[in-house]
Structures are given as C-alpha cells and as structure tokens.
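J.: Before we start, here is the structure in question, set down as structure tokens.
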Amino acid sequence: MATAQEYFEALVEGNQDMVKTYIGDDLNVGTPPLKILNTGLIPGMEMVGQKFRDAEIYIPEVLMAARAMHAGLDLLKPKLMETGAKPAGKIVIGTVKGDLHDIGKNLVAMMFEGLGFQVIDMGVDVPTEKFEEVIKAQKPDILALSSLLTTTMLEMKSTIQFLKKRGVLDDVKTIVGGAPVTQEFADEIEADAYGKDAVSGAEKAKELLGIT
Ligand code: B1M
C-alpha cells in the first residue's frame with residue numbers, strides 16, 4: 001500500500017493522476033478502502049495541513065492538494081459505500097446571506113470531506129430560512145458558516161440567533177470562519193467553534209464531535 005508520505009507528496013504537488021494511481025493500485029491488491037482513507041489519504045492531507053500551518057506551503061498548494069484529494073475521494077467514495085463505512089459525521093456548510101465568496105468555504109468543505117465527513121454544501125448567499133429547512137431535513141451534526149465581509153459577519157450572528165430561538169440547533173454544533181471572523185467574534189455570537197483556516201476548521205469539527 002502507498003504510504004501516507006507518498007500520498008502527501010502526490011497531494012502537495014496537486015498530482016491528481018498519482019493520487020488516483022495509488023488508490024487504484026491499493027484497491028487492486030485488496031487494501032480495504034477505509035484503510036486507504038485512514039492510513040493514506042487522510043494522514044497525507046493532514047501533513048499538507050501541517051506544512052500550511054508551518055508556513056512552508058501556501059493557499060495555492062493547499063487548494064491544489066484539496067483538489068487532488070477530491071479526485072481521490074471520488075474514486076474511493078463508491079467503494080466505501082459498498083463496505084458500509086460510516087462517515088465521521090454530517091456537516092451542512094454555506095456562506096451566509098449577502099456574501100458571494102466561496103473559495104475559502106469550498107476549501108473548508110473539501111477538508112471536511114478529506115477527514116471523512118459527509119458534507120452538504122449549500123453554496124453562497126444562503127438565507128437563514130434555507131439553513132433551517134435543510135437542517136431539519138438532513139439532521140446534520142454540525143452547521144458550518146463562512147463569511148468574508150465585515151457586513152455579512154453580522155448575518156452569521158442573526159443566523160445563529162434565529163436558528164437557536166427556533167430550537168433548530170438543539171442537537172447541532174456550530175462552527176464559523178472566514179477572513180474577518182475571530183475567536184472573540186465566534187464567542188460573542190455563541191458559535192461552538194471557530195476555524196481560522198480550512199485545516200484548523202476541519203480539526204475543530206472533529207473535536208466538536210469528540211473524534212480523535
Ligand atoms: Co471580495 N472582498 N468582494 N470578492 N474578495 C474581499 C473579502 C476583501 C477583503 C477585498 C478588499 O477589499 N481588500 C473585501 C472585504 C472587506 C471587508 O468586508 N472587510 C471584499 C469586498 C469589499 C468585496 C465586494 C463588496 C467588492 C465590491 O463589489 N465592491 C464584493 C462583495 C460581493 C458579495 O459577496 N456580496 C466582492 C466580490 C468578490 C468577487 C466575487 C470578485 C471574488 C469572490 C469570488 C469567489 O469567492 N467565488 C472576491 C474575492 C476573490 C476576494 C478576495 C480577493 C479573495 C478572497 C479569497 O477567496 N481568498 C478578498 C481579498 C483577500 O482576502 N485578500 C476579497 C482565498 C481563500 C482561500 O481565503 O476565503 O479567507 P478565505 O478562506 C480561508 C479562511 O478565511 C478560512 O479558511 C479558508 C482557507 O484557509 N475560512 C473558514 C473561510 N471560511 C471558513 C469557514 C470555517 C472555517 C474557516 O468554518 C465554517
């Protein structure tokens with residue numbers, strides 16, 4: 001089986017073909033898909049995250065790695081489903097109403113998927129009522145909100161307040177992030193967690209659900 005280091009090297013180069021080749025070869029020799037995910041792809045992506053935190057690589061590399069990881073996940077997902085592997089949890093993510101920025105949000109969503117979460121991406125400019133509708137229907141473990149504008153940060157606050165008042169978040173944890181968002185702001189609006197970047201956001205999601 002390809003090692004986590006080999007997966008990391010393919011991911012950090014954004015080498016989708018190499019990631020797919022590793023997965024294909026691993027599957028061909030009978031490696032269980034969950035093992036490929038947990039001991040290859042995910043640790044490889046965590047190494048990418050570590051390099052990003054250490055400022056050894058930057059957003060373009062993380063984006064390329066995330067895309068390569070996505071390509072790998074697309075190959076692995078049907079096999080995982082066949083084995084009945086359970087996702088780590090379900091996350092509904094969206095950029096709040098009035099905000100059209102989605103590059104960071106997409107990156108966070110990809111990291112969530114890379115760490116084994118099922119992600120329902122609601123896109124951008126999502127009104128509170130739409131979040132309510134989808135949360136009620138999908139019963140996620142986590143609601144993840146992104147905002148890139150100082151004005152739409154306030155929309156985050158009203159979204160969380162509204163959903164809490166309606167009892168929609170009784171069994172749902174919240175995580176917020178985006179360039180203008182801070183830990184202090186997350187505390188102020190009573191979000192359960194704050195993600196500074198895609199990597200720490202995904203790690204916070206794991207912590208929220210008690211996954212080590
Ligand atoms: Co806009 N824009 N933009 N923009 N834009 C910013 C954000 C801005 C800082 C530029 C500036 O003035 N210097 C500024 C905001 C100022 C402010 O409010 N403080 C700004 C503005 C003003 C605007 C418009 C109002 C401009 C106008 O029309 N006059 C307008 C608003 C439109 C709207 O949303 N209603 C606008 C429009 C746009 C484009 C459409 C042109 C485009 C968006 C394209 C797209 O997303 N599809 C755009 C872009 C690209 C930017 C900049 C240049 C880049 C944003 C980006 O993608 N960064 C940005 C300036 C900048 O940041 N340098 C800017 C890369 C991305 C990977 O980072 O999104 O921060 P980021 O995500 C990070 C973290 O924040 C975090 O993880 C990610 C990865 O590490 N993160 C989370 C994000 N969400 C998270 C959620 C989490 C956890 C972590 O948990 C749930």
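Numbering starts fresh at 1 for the residues of each chain in the structure tokens, the chains themselves are lettered A, B, ... in the order given, and ligands are numbered from 1 as they appear.
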Ligand 1: which residues are within 9 Å, counting only C-alpha atoms and all ligand atoms, as JSON, numbers by chain?

T.: {"A": [59, 60, 62, 63, 93, 94, 95, 97, 98, 99, 100, 101, 102, 103, 104, 105, 106, 107, 108, 109, 124, 125, 143, 144, 145, 146, 147, 148, 149, 150, 151, 152, 153, 174, 175, 176, 177, 178, 179, 180, 181, 193, 194, 195, 196, 197, 198, 199, 200, 201, 202, 204, 205]}

J.: Would you kindly return, as a ChimeraX atom specification, each protein, DNA or RNA residue with an atom no farther than 10 Å from any atom of A:Leu169, considering only C-alpha atoms and excluding same-chain residues fewer than 2 positions away?

T.: /A:132,135-136,139-143,160-167,171-174

J.: What is the atom CA of A:Thr31-atom CA of A:Met69 distance in Å, reported with one decimal?

T.: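 So the answer is 18.1 Å.
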
J.: Go through A:Ile91, A:Leu208, A:Val168, A:Met45 one by one, measure the shortest atom-to-atom distance of each to A:Arg67 using only C-alpha atoms, and give the residue with the smallest value.

T.: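 Using only C-alpha atoms, the shortest distance to A:Arg67 belongs to A:Met45.
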
J.: Find the distance between atom CA of A:Ile36 and atom CA of A:Lys90 and write it in Å to one decimal.

T.: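 These two atoms are separated by 20.7 Å.
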
J.: Please extract the residues of chain A with a backbone DSSP assignment of alpha helix (DSSP H) and present them as JSON, numbers by chain.

T.: {"A": [4, 5, 6, 7, 8, 9, 10, 11, 12, 16, 17, 18, 19, 20, 21, 22, 23, 24, 25, 26, 27, 28, 33, 34, 35, 36, 42, 43, 44, 45, 46, 47, 48, 49, 50, 51, 52, 53, 59, 60, 61, 62, 63, 64, 65, 66, 67, 68, 69, 70, 71, 72, 73, 74, 75, 76, 77, 78, 79, 80, 81, 82, 83, 103, 104, 105, 106, 107, 108, 109, 110, 111, 112, 113, 114, 128, 129, 130, 131, 132, 133, 134, 135, 136, 137, 138, 150, 151, 152, 153, 154, 155, 156, 157, 158, 159, 160, 161, 162, 163, 164, 165, 183, 184, 185, 186, 187, 188, 198, 199, 200, 201, 202, 203, 204, 205, 206, 207, 208]}

J.: Which residue out of A:Val48, A:Leu76, A:Ile57, A:Ala65 has the minimum interatomic distance to A:Glu13 when only C-alpha atoms are used?

T.: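 Looking only at the distances to A:Glu13, the closest residue turns out to be A:Ala65.
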
J.: For a quick check of understanding, using only C-alpha atoms, which of A:Lys51, A:His70, A:Lys35, A:Lys20 has the smallest distance to A:Phe112?

T.: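 With only C-alpha atoms as the atom set, the closest residue is A:His70.
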
J.: Stretch 11-188 of chain A: which residues are strand (DSSP E or B) by DSSP, as a PyMOL selection string?

T.: chain A and resi 90-96+118-121+126+142-146+173-177

J.: What does the structure give for the distance between atom CA of A:Glu188 and atom CA of A:Thr159, in Å to one decimal?

T.: 13.4 Å
